[in-house]
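Source file: start.txt (compact mmCIF, C-alpha atoms)
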```
# COMPACT_ATOMS: atom_id res chain seq x y z
CA MET A 1 -23.26 -9.51 -24.20
CA SER A 2 -19.94 -10.78 -23.03
CA ALA A 3 -17.41 -8.37 -21.66
CA PRO A 4 -14.36 -7.65 -23.83
CA ALA A 5 -11.31 -9.65 -22.94
CA PRO A 6 -8.74 -7.74 -20.93
CA SER A 7 -5.88 -6.40 -22.94
CA THR A 8 -2.49 -7.75 -22.02
CA PRO A 9 0.88 -6.80 -23.51
CA ALA A 10 2.20 -9.26 -26.07
CA PRO A 11 5.34 -11.20 -25.14
CA ALA A 12 7.26 -9.52 -27.96
CA THR A 13 6.28 -6.09 -26.63
CA ALA A 14 7.32 -7.07 -23.11
CA ARG A 15 10.68 -8.30 -24.40
CA ARG A 16 11.22 -5.08 -26.33
CA ARG A 17 10.44 -3.03 -23.23
CA SER A 18 12.82 -5.14 -21.18
CA ALA A 19 15.58 -4.82 -23.78
CA SER A 20 15.01 -1.07 -23.99
CA LEU A 21 15.29 -0.74 -20.24
CA ARG A 22 18.46 -2.85 -20.16
CA LEU A 23 19.92 -0.71 -22.95
CA ARG A 24 19.16 2.49 -21.05
CA VAL A 25 20.77 1.11 -17.92
CA ALA A 26 23.84 0.01 -19.91
CA LEU A 27 24.14 3.43 -21.57
CA ALA A 28 23.78 5.13 -18.20
CA ALA A 29 26.49 2.93 -16.73
CA GLY A 30 28.75 3.60 -19.74
CA LEU A 31 28.16 7.34 -19.54
CA ALA A 32 28.84 7.43 -15.81
CA SER A 33 32.06 5.41 -16.24
CA THR A 34 33.13 7.68 -19.12
CA VAL A 35 32.82 10.73 -16.90
CA VAL A 36 34.81 9.00 -14.17
CA VAL A 37 37.49 7.79 -16.62
CA VAL A 38 37.86 11.27 -18.15
CA LEU A 39 38.26 12.87 -14.74
CA VAL A 40 40.74 10.23 -13.64
CA GLY A 41 42.62 10.51 -16.94
CA VAL A 42 42.94 14.27 -16.69
CA LEU A 43 44.13 14.03 -13.11
CA ALA A 44 46.57 11.25 -13.99
CA SER A 45 47.93 13.25 -16.94
CA VAL A 46 48.50 16.33 -14.77
CA LEU A 47 50.21 14.31 -12.04
CA LEU A 48 52.28 12.35 -14.59
CA THR A 49 53.45 15.51 -16.34
CA ARG A 50 54.38 17.07 -13.03
CA GLU A 51 56.23 13.96 -11.89
CA GLN A 52 58.23 13.72 -15.13
CA THR A 53 59.02 17.45 -15.10
CA GLU A 54 60.23 17.29 -11.50
CA ARG A 55 62.35 14.28 -12.37
CA LEU A 56 63.89 16.21 -15.27
CA ASP A 57 64.49 19.25 -13.06
CA ARG A 58 66.42 17.11 -10.56
CA SER A 59 68.83 16.11 -13.31
CA LEU A 60 69.59 19.77 -14.12
CA VAL A 61 72.00 20.27 -11.23
CA PRO A 62 75.78 20.81 -11.71
CA GLY A 63 77.64 17.88 -10.16
CA SER A 64 74.86 15.38 -10.84
CA PRO A 65 75.83 12.09 -12.50
CA ALA A 66 74.73 13.52 -15.83
CA VAL A 67 77.00 16.60 -15.48
CA LEU A 68 80.74 16.13 -14.94
CA GLY A 69 82.86 18.34 -12.76
CA SER A 70 84.26 19.88 -15.94
CA PHE A 71 80.63 20.74 -16.79
CA ALA A 72 80.62 18.55 -19.82
CA SER A 73 77.46 16.56 -20.56
CA THR A 74 77.49 12.77 -20.49
CA ARG A 75 74.08 12.62 -22.27
CA ALA A 76 73.27 13.67 -25.77
CA ASP A 77 70.07 15.42 -24.64
CA LEU A 78 71.92 17.59 -22.08
CA ALA A 79 73.61 20.96 -22.73
CA VAL A 80 75.87 22.96 -20.40
CA THR A 81 76.88 26.63 -20.66
CA LEU A 82 79.50 28.18 -18.30
CA ARG A 83 79.64 31.96 -17.88
CA ALA A 84 82.25 34.19 -16.24
CA PRO A 85 81.28 36.71 -13.61
CA ASP A 86 81.07 39.39 -16.33
CA GLY A 87 78.52 37.29 -18.23
CA THR A 88 80.75 36.13 -21.06
CA VAL A 89 80.44 32.52 -22.16
CA ARG A 90 83.54 30.54 -21.15
CA ARG A 91 82.57 26.98 -22.14
CA VAL A 92 79.72 25.39 -24.00
CA SER A 93 78.69 21.73 -24.20
CA GLY A 94 75.96 21.41 -26.81
CA PRO A 95 73.99 24.51 -27.87
CA GLU A 96 74.43 27.73 -25.98
CA LEU A 97 71.74 28.11 -23.36
CA PRO A 98 70.27 31.47 -22.38
CA LEU A 99 70.88 32.88 -18.92
CA THR A 100 67.87 32.28 -16.67
CA PRO A 101 66.99 33.35 -13.13
CA LEU A 102 69.23 31.64 -10.60
CA GLY A 103 67.93 28.27 -9.31
CA ILE A 104 64.55 28.35 -11.10
CA PRO A 105 63.88 25.66 -13.77
CA ILE A 106 62.35 27.23 -16.89
CA SER A 107 61.23 25.88 -20.25
CA VAL A 108 62.82 27.77 -23.17
CA ASP A 109 63.20 27.35 -26.94
CA VAL A 110 66.74 26.96 -28.19
CA GLY A 111 67.13 26.73 -31.96
CA GLY A 112 63.57 25.42 -32.35
CA VAL A 113 64.08 22.75 -29.68
CA ALA A 114 62.25 22.85 -26.33
CA TYR A 115 64.66 22.79 -23.41
CA ARG A 116 64.20 22.73 -19.70
CA VAL A 117 67.06 24.81 -18.19
CA ARG A 118 68.30 25.78 -14.76
CA THR A 119 71.09 28.25 -13.79
CA ALA A 120 73.27 27.61 -10.73
CA PRO A 121 76.48 29.14 -9.24
CA GLY A 122 79.67 28.02 -11.03
CA PRO A 123 83.01 26.76 -9.64
CA ALA A 124 84.56 30.22 -9.44
CA PRO A 125 83.14 33.10 -7.44
CA GLY A 126 80.63 34.95 -9.58
CA ALA A 127 80.63 32.33 -12.31
CA LEU A 128 77.31 30.83 -13.45
CA VAL A 129 76.57 27.51 -15.05
CA THR A 130 73.36 26.83 -17.00
CA VAL A 131 72.28 23.23 -17.54
CA GLY A 132 69.47 22.25 -19.92
CA ALA A 133 67.82 19.12 -21.29
CA THR A 134 65.42 18.63 -24.16
CA GLU A 135 61.82 17.92 -23.23
CA ASP A 136 61.23 15.51 -26.12
CA ASP A 137 61.87 12.35 -24.08
CA THR A 138 59.78 13.64 -21.21
CA ARG A 139 56.87 14.48 -23.50
CA ALA A 140 57.20 11.14 -25.23
CA ARG A 141 57.03 9.26 -21.92
CA VAL A 142 54.03 11.34 -20.80
CA ALA A 143 52.24 10.73 -24.13
CA GLU A 144 52.93 7.01 -23.91
CA ARG A 145 51.48 6.79 -20.47
CA GLN A 146 48.53 8.93 -21.46
CA ARG A 147 47.80 6.50 -24.28
CA LEU A 148 47.98 3.66 -21.77
CA VAL A 149 45.57 5.44 -19.44
CA THR A 150 43.25 6.19 -22.37
CA GLY A 151 43.26 2.55 -23.45
CA LEU A 152 42.51 1.38 -19.94
CA GLY A 153 39.72 3.95 -19.74
CA VAL A 154 38.11 2.70 -22.95
CA VAL A 155 38.27 -0.86 -21.63
CA ALA A 156 36.77 0.30 -18.33
CA VAL A 157 33.90 2.08 -20.13
CA ALA A 158 33.16 -0.98 -22.26
CA LEU A 159 33.34 -3.24 -19.22
CA ALA A 160 31.01 -0.95 -17.23
CA ALA A 161 28.48 -0.88 -20.08
CA GLY A 162 28.63 -4.67 -20.41
CA LEU A 163 28.21 -5.20 -16.69
CA GLY A 164 25.37 -2.68 -16.71
CA TRP A 165 23.64 -4.72 -19.42
CA VAL A 166 24.13 -7.98 -17.51
CA PHE A 167 23.13 -6.69 -14.08
CA ALA A 168 20.26 -4.65 -15.53
CA GLY A 169 18.88 -7.87 -16.95
CA ARG A 170 19.02 -9.49 -13.54
CA ALA A 171 17.45 -6.44 -11.89
CA VAL A 172 14.73 -6.07 -14.51
CA ARG A 173 13.74 -9.74 -14.52
CA PRO A 174 11.64 -9.55 -11.29
CA LEU A 175 9.96 -6.36 -12.50
CA ARG A 176 9.22 -7.98 -15.85
CA ARG A 177 7.64 -10.96 -14.10
CA LEU A 178 5.66 -8.56 -11.92
CA THR A 179 4.46 -6.66 -15.01
CA ASP A 180 3.38 -9.89 -16.69
CA ARG A 181 1.55 -10.98 -13.53
CA ALA A 182 -0.14 -7.59 -13.07
CA ALA A 183 -1.31 -7.61 -16.69
CA THR A 184 -3.49 -10.65 -15.96
CA LEU A 185 -5.14 -9.26 -12.83
CA ASP A 186 -7.81 -7.16 -14.52
CA GLY A 187 -9.63 -10.29 -15.63
CA ALA A 188 -9.42 -12.02 -12.24
CA VAL A 189 -11.65 -9.66 -10.20
CA ASP A 190 -14.48 -11.71 -8.70
CA PRO A 191 -16.24 -10.73 -5.46
CA ASP A 192 -16.79 -14.39 -4.63
CA VAL A 193 -13.13 -15.36 -5.06
CA ALA A 194 -10.33 -14.26 -2.75
CA PRO A 195 -8.04 -11.69 -4.39
CA PRO A 196 -4.78 -13.09 -5.76
CA THR A 197 -1.50 -12.49 -3.97
CA VAL A 198 1.12 -10.95 -6.21
CA ARG A 199 4.63 -12.36 -5.79
CA ALA A 200 7.83 -10.98 -7.30
CA ASP A 201 10.91 -12.42 -5.62
CA GLY A 202 14.34 -11.25 -6.65
CA SER A 203 14.74 -7.69 -5.38
CA ARG A 204 13.52 -5.68 -2.44
CA GLU A 205 11.92 -3.07 -4.69
CA SER A 206 9.92 -5.60 -6.69
CA GLU A 207 8.81 -7.35 -3.49
CA GLU A 208 7.66 -4.05 -1.99
CA LEU A 209 5.79 -3.23 -5.19
CA ALA A 210 4.20 -6.69 -5.20
CA ASP A 211 3.09 -6.24 -1.59
CA ALA A 212 1.59 -2.86 -2.47
CA LEU A 213 -0.31 -4.41 -5.40
CA SER A 214 -1.58 -7.25 -3.20
CA ALA A 215 -2.80 -4.76 -0.60
CA MET A 216 -4.49 -2.68 -3.29
CA LEU A 217 -6.21 -5.78 -4.70
CA ALA A 218 -7.40 -6.72 -1.21
CA ARG A 219 -8.89 -3.25 -0.74
CA LEU A 220 -10.54 -3.36 -4.15
CA HIS A 221 -11.92 -6.82 -3.40
CA ALA A 222 -13.34 -5.65 -0.07
CA GLU A 223 -14.92 -2.60 -1.71
CA GLN A 224 -16.39 -4.75 -4.45
CA GLN A 225 -17.83 -7.11 -1.87
CA ARG A 226 -19.41 -4.16 -0.10
CA SER A 227 -20.81 -2.83 -3.38
CA THR A 228 -22.16 -6.26 -4.31
CA ALA A 229 -23.71 -6.70 -0.87
CA SER A 230 -25.27 -3.24 -1.10
CA LEU A 231 -26.71 -4.04 -4.51
CA HIS A 232 -28.12 -7.34 -3.27
CA ALA A 233 -29.58 -5.62 -0.22
CA ALA A 234 -31.25 -3.02 -2.42
CA ARG A 235 -32.66 -5.69 -4.70
CA ASP A 236 -33.92 -7.75 -1.77
CA PHE A 237 -35.47 -4.65 -0.24
CA ALA A 238 -37.27 -3.78 -3.47
CA ALA A 239 -38.50 -7.35 -4.01
CA ALA A 240 -39.62 -7.77 -0.40
CA ALA A 241 -41.30 -4.38 -0.32
CA ARG A 242 -43.22 -5.17 -3.50
CA HIS A 243 -44.26 -8.56 -2.14
CA GLU A 244 -45.16 -7.50 1.38
CA LEU A 245 -46.78 -4.16 0.62
CA ARG A 246 -48.95 -5.22 -2.29
CA THR A 247 -51.76 -6.63 -0.10
CA PRO A 248 -52.06 -3.79 2.46
CA LEU A 249 -51.75 -1.12 -0.21
CA THR A 250 -54.41 -2.81 -2.32
CA ALA A 251 -56.69 -3.03 0.72
CA MET A 252 -56.10 0.66 1.50
CA ARG A 253 -56.91 1.65 -2.08
CA THR A 254 -60.10 -0.43 -2.03
CA ASP A 255 -61.22 1.10 1.27
CA LEU A 256 -60.46 4.61 0.05
CA GLU A 257 -62.36 4.01 -3.18
CA VAL A 258 -65.34 2.78 -1.15
CA LEU A 259 -65.23 5.88 1.04
CA ALA A 260 -64.92 8.14 -2.01
CA ALA A 261 -67.86 6.46 -3.73
CA HIS A 262 -70.07 6.36 -0.61
CA PRO A 263 -69.42 9.41 1.60
CA ASP A 264 -72.36 8.52 3.85
CA LEU A 265 -71.47 4.87 4.25
CA PRO A 266 -72.82 3.54 7.59
CA GLU A 267 -69.65 1.45 8.07
CA ARG A 268 -67.43 4.49 7.54
CA ASP A 269 -65.75 4.16 10.93
CA GLU A 270 -64.94 0.48 10.37
CA VAL A 271 -63.49 1.22 6.93
CA LEU A 272 -61.34 4.03 8.33
CA ALA A 273 -60.14 1.67 11.04
CA ASP A 274 -59.14 -0.84 8.36
CA VAL A 275 -57.26 1.91 6.50
CA LEU A 276 -55.39 2.91 9.66
CA ARG A 277 -54.51 -0.73 10.42
CA ALA A 278 -53.25 -1.20 6.86
CA GLN A 279 -51.25 2.03 7.11
CA ALA A 280 -49.69 0.87 10.38
CA ARG A 281 -48.84 -2.45 8.78
CA VAL A 282 -47.21 -0.69 5.82
CA GLU A 283 -45.20 1.56 8.15
CA ALA A 284 -44.08 -1.37 10.31
CA THR A 285 -43.14 -3.43 7.27
CA LEU A 286 -41.14 -0.57 5.74
CA THR A 287 -39.34 -0.03 9.04
CA ALA A 288 -38.49 -3.72 9.35
CA LEU A 289 -37.37 -3.93 5.73
CA GLY A 290 -35.16 -0.88 6.18
CA GLN A 291 -33.54 -2.40 9.26
CA LEU A 292 -33.09 -5.69 7.46
CA ALA A 293 -31.51 -4.05 4.42
CA ALA A 294 -29.16 -2.02 6.64
CA GLY A 295 -28.18 -5.21 8.43
CA ASP A 296 -27.34 -6.88 5.11
CA LEU A 297 -24.67 -4.28 4.41
CA PRO A 298 -21.10 -5.23 5.37
CA ASP A 299 -19.56 -3.30 8.21
CA THR A 300 -16.28 -3.12 10.08
CA VAL A 301 -17.52 -4.21 13.49
CA GLY A 302 -14.92 -6.53 15.01
CA PRO A 303 -13.09 -7.39 18.22
CA ASP A 304 -10.86 -4.36 17.80
CA GLY A 305 -13.24 -2.00 16.01
CA GLY A 306 -16.60 -2.44 17.76
CA ASP A 307 -17.94 -0.53 20.72
CA ALA A 308 -17.21 -1.87 24.20
CA VAL A 309 -20.69 -2.19 25.69
CA GLY A 310 -21.41 -3.12 29.28
CA VAL A 311 -23.96 -5.95 29.43
CA ALA A 312 -25.84 -4.32 32.33
CA ASP A 313 -26.05 -1.00 30.44
CA LEU A 314 -27.27 -2.79 27.32
CA LEU A 315 -30.07 -4.56 29.21
CA ARG A 316 -31.03 -1.34 31.01
CA LEU A 317 -31.34 0.55 27.71
CA ALA A 318 -33.33 -2.30 26.15
CA ALA A 319 -35.68 -2.29 29.16
CA GLU A 320 -36.23 1.46 28.84
CA ASP A 321 -37.00 1.02 25.12
CA ALA A 322 -39.52 -1.74 25.95
CA ARG A 323 -41.30 0.34 28.61
CA ARG A 324 -41.62 3.32 26.27
CA ALA A 325 -42.90 1.18 23.38
CA HIS A 326 -45.25 -0.92 25.51
CA PRO A 327 -46.55 1.08 28.49
CA GLY A 328 -48.59 -1.80 29.92
CA LEU A 329 -45.74 -4.34 29.80
CA ALA A 330 -43.93 -5.40 32.95
CA VAL A 331 -40.20 -5.40 32.17
CA VAL A 332 -37.57 -6.88 34.47
CA ALA A 333 -33.90 -6.38 33.61
CA GLU A 334 -31.01 -8.12 35.31
CA GLU A 335 -27.70 -6.35 35.97
CA PRO A 336 -24.98 -8.88 35.15
CA ALA A 337 -21.30 -7.96 34.93
CA GLY A 338 -19.34 -8.21 31.71
CA VAL A 339 -18.63 -6.40 28.49
CA VAL A 340 -19.39 -7.24 24.88
CA HIS A 341 -17.74 -5.71 21.82
CA GLY A 342 -20.02 -4.89 18.94
CA SER A 343 -22.69 -2.50 17.72
CA LEU A 344 -24.74 -1.02 20.56
CA GLU A 345 -27.56 0.04 18.24
CA GLY A 346 -27.63 -3.36 16.55
CA LEU A 347 -27.89 -5.24 19.84
CA ARG A 348 -30.57 -2.85 21.14
CA MET A 349 -32.56 -3.37 17.94
CA ALA A 350 -32.29 -7.16 18.28
CA LEU A 351 -33.58 -7.09 21.88
CA ALA A 352 -36.33 -4.64 20.93
CA ASN A 353 -37.56 -6.96 18.15
CA ALA A 354 -37.53 -9.92 20.53
CA VAL A 355 -39.69 -7.89 22.95
CA VAL A 356 -42.06 -6.83 20.14
CA ASN A 357 -42.43 -10.48 19.11
CA ALA A 358 -43.27 -11.44 22.70
CA VAL A 359 -45.89 -8.69 23.08
CA ARG A 360 -47.47 -8.70 19.63
CA HIS A 361 -47.52 -12.40 18.84
CA GLY A 362 -47.09 -14.04 22.25
CA ARG A 363 -49.49 -11.75 24.08
CA ALA A 364 -46.96 -11.53 26.93
CA GLY A 365 -47.61 -9.40 29.98
CA THR A 366 -44.13 -9.72 31.50
CA VAL A 367 -40.72 -9.79 29.85
CA ARG A 368 -37.43 -10.55 31.60
CA LEU A 369 -34.11 -9.44 30.11
CA GLY A 370 -31.04 -11.33 31.29
CA ALA A 371 -27.55 -12.51 30.33
CA HIS A 372 -25.13 -15.26 31.27
CA ALA A 373 -21.77 -16.62 30.13
CA GLY A 374 -21.85 -18.95 27.15
CA GLU A 375 -20.23 -22.36 27.02
CA ASP A 376 -17.64 -21.16 24.47
CA GLY A 377 -16.62 -18.13 26.49
CA GLY A 378 -19.07 -15.71 24.90
CA VAL A 379 -22.11 -13.95 26.30
CA VAL A 380 -25.75 -15.07 25.89
CA LEU A 381 -28.47 -12.40 26.06
CA THR A 382 -31.94 -13.76 26.87
CA VAL A 383 -35.48 -12.43 26.52
CA ASP A 384 -38.06 -14.50 28.46
CA ASP A 385 -41.80 -13.87 28.25
CA ASP A 386 -44.93 -15.38 29.82
CA GLY A 387 -46.94 -15.45 26.61
CA ARG A 388 -48.34 -18.20 24.41
CA GLY A 389 -45.00 -19.66 23.46
CA LEU A 390 -44.27 -21.37 20.16
CA PRO A 391 -44.44 -25.03 19.10
CA ALA A 392 -41.00 -26.65 19.07
CA ALA A 393 -41.44 -27.67 15.43
CA GLU A 394 -41.71 -23.99 14.42
CA GLN A 395 -38.98 -22.51 16.60
CA GLU A 396 -36.28 -22.76 13.95
CA ALA A 397 -38.44 -21.89 10.94
CA VAL A 398 -39.67 -18.54 12.31
CA LEU A 399 -36.10 -17.24 12.28
CA GLY A 400 -36.39 -17.00 8.49
CA ARG A 401 -37.64 -13.93 6.68
CA PHE A 402 -41.39 -13.47 6.19
CA VAL A 403 -42.17 -16.56 8.30
CA ARG A 404 -44.82 -16.32 11.02
CA GLY A 405 -45.72 -18.82 13.71
CA SER A 406 -49.05 -20.58 13.94
CA THR A 407 -49.85 -19.12 17.38
CA THR A 408 -49.59 -15.49 16.33
CA GLY A 409 -52.73 -13.48 16.81
CA ALA A 410 -51.73 -10.17 15.30
CA PRO A 411 -50.73 -9.01 11.82
CA GLY A 412 -47.03 -8.71 11.09
CA SER A 413 -44.37 -8.90 8.44
CA GLY A 414 -42.58 -11.99 9.73
CA LEU A 415 -39.30 -10.06 9.97
CA GLY A 416 -38.91 -9.46 13.72
CA LEU A 417 -37.07 -12.66 14.63
CA ALA A 418 -35.22 -12.58 11.30
CA LEU A 419 -33.75 -9.23 12.39
CA VAL A 420 -32.66 -10.80 15.68
CA ALA A 421 -30.96 -13.67 13.79
CA GLN A 422 -29.30 -11.20 11.46
CA GLN A 423 -27.76 -9.20 14.31
CA ALA A 424 -26.59 -12.40 15.96
CA ALA A 425 -24.80 -13.42 12.76
CA ARG A 426 -23.19 -9.98 12.50
CA HIS A 427 -21.84 -10.48 16.02
CA ASP A 428 -20.38 -13.94 15.32
CA GLY A 429 -23.21 -15.65 17.17
CA GLN A 430 -26.60 -17.23 16.69
CA VAL A 431 -30.19 -17.17 17.94
CA ARG A 432 -31.99 -20.04 19.59
CA LEU A 433 -35.67 -20.26 20.51
CA GLU A 434 -36.87 -22.50 23.35
CA ASP A 435 -39.49 -22.66 26.02
CA ALA A 436 -39.01 -20.13 28.80
CA PRO A 437 -38.55 -21.48 32.36
CA GLY A 438 -41.78 -19.80 33.52
CA GLY A 439 -43.80 -20.49 30.39
CA GLY A 440 -43.85 -18.60 27.14
CA LEU A 441 -40.86 -18.29 24.82
CA ARG A 442 -37.17 -17.67 25.44
CA VAL A 443 -35.09 -15.90 22.76
CA SER A 444 -31.37 -16.48 23.33
CA LEU A 445 -28.94 -14.21 21.50
CA ALA A 446 -25.41 -15.65 21.70
CA ILE A 447 -22.48 -13.32 21.10
CA GLY A 448 -19.38 -15.15 19.89
CA PRO A 449 -16.28 -15.41 22.09
CA GLY A 450 -14.35 -13.34 19.62
CA ARG A 451 -16.49 -10.40 20.70
CA ALA A 452 -16.88 -11.14 24.40
CA GLY A 453 -15.07 -8.81 26.75
```
Write out the structure in this file as structure tokens.
Amino acid sequence: MSAPAPSTPAPATARRRSASLRLRVALAAGLASTVVVVLVGVLASVLLTREQTERLDRSLVPGSPAVLGSFASTRADLAVTLRAPDGTVRRVSGPELPLTPLGIPISVDVGGVAYRVRTAPGPAPGALVTVGATEDDTRARVAERQRLVTGLGVVAVALAAGLGWVFAGRAVRPLRRLTDRAATLDGAVDPDVAPPTVRADGSRESEELADALSAMLARLHAEQQRSTASLHAARDFAAAARHELRTPLTAMRTDLEVLAAHPDLPERDEVLADVLRAQARVEATLTALGQLAAGDLPDTVGPDGGDAVGVADLLRLAAEDARRAHPGLAVVAEEPAGVVHGSLEGLRMALANAVVNAVRHGRAGTVRLGAHAGEDGGVVLTVDDDGRGLPAAEQEAVLGRFVRGSTTGAPGSGLGLALVAQQAARHDGQVRLEDAPGGGLRVSLAIGPGRAG
């Protein structure tokens, strides 16, 4: 059954979303400019009204060009009222103005007309003169300028909304491209293909988002590779276990059935010995398969993430493991200088399997563990034995899984040297088999220069 095709937004839907976003940005820009224009308009109106009122107040001074020395008005909108010290009106130019506090401009209503008036001392001692002007012209000028400010504000709002629409389109374009690109990524996940790199040039935000998506895809790809490798390792383990364990388990069942059917069988001890040998073979095979499956899993061992292991310490630990596992084996370990970066347990397991191969299949009595610098700057770990050795034609083949050499004289799973080769590959190196200088077989485990200390 084929998987359903990934759903991707239609072009029309993407365009509608883009237009909707541009519209929201334009409305936001228009609203923001409206608030600014209203605030500026109110402030301008207040300042304009004050400026025009102060200008009118300056004209309400006796002796100004608009008021003659006889206190007659030269302007139709001006009125002058002269009062004697006793408060009686002596002369009037225009309508009679009310008496107001001395020197303070005040707005009053005279005959239904708004006047701005000011009272000042007159020409004679104690006399008072009141000068007033209608506020109609002042209000008309203020209203005219307010209309001008309002018109400019409307134009500014429209211009801000239009620019918001234009610039929003430019700002949204990289995000729209990024959305279209991201919509196609769900169908491009393949553990065997490098993850795509998302690009969205045009704005810093879209580039940062594209980088974040690329990093996320890389992490997902790495996790999928690990999951795929784990699944393959589990499948290989199950298949190998079924293949390798069928024969010994069948033999054990047959022997047990014989013992159950014939409790007094004269060959009882031999049958029990066969059962124990088959059980040991099953246990050894399961152990080797478990190590092999664990080695198939991806890890994070690298030049910066692996353990820094002294070569001398590694060989000393491997020698101690060999002596414990094989009490009658003579083990000689060199103490070279140097450091390798990698998995301590993995390297110990590789050396231990090389020793087991020498003892079990080579019938070696002495094993020498050593190390020297490789030609490419790495480190080469060596395991030399004095056993039977291995024909040159088989030295490469036995590194495969479930392959045994023709000189072997003991049962086995054929996984020991395959485990050594696996650990070499995990440490950017390789394994080579050759004749040992003193006879027997040499197993050389090269650690790549990228991991050499």
Rank A:Leu445, A:Gly365, A:Ala308, A:Gly389 by their smallest atom-to-atom distance to Ala350 in chain A, using only C-alpha atoms, and report the top residue only.
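Going through A:Leu445, A:Gly365, A:Ala308, A:Gly389 one by one, the smallest distance to Ala350 in chain A is for A:Leu445.
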Please provide as a list in words all residues within 9 Å of Ala124 in chain A, with the sequence filter that same-chain residues fewer than 3 positions apart are discarded (counting all atoms listed in the file).
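Skipping anything fewer than 3 positions along the chain leaves Ala84, Pro85, Pro121, Ala127 and Leu128 of chain A.
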With only C-alpha atoms as the atoms that count, which of A:Ala436, A:Val38, A:Ile447, A:Leu265 lies nearest to Val420 in chain A?
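Comparing A:Ala436, A:Val38, A:Ile447, A:Leu265 against Val420 in chain A, the winner is A:Ile447.
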Could you tell me how far CA of Pro327 in chain A sits from CA of Glu434 in chain A, in Å to one decimal place?
26.0 Å
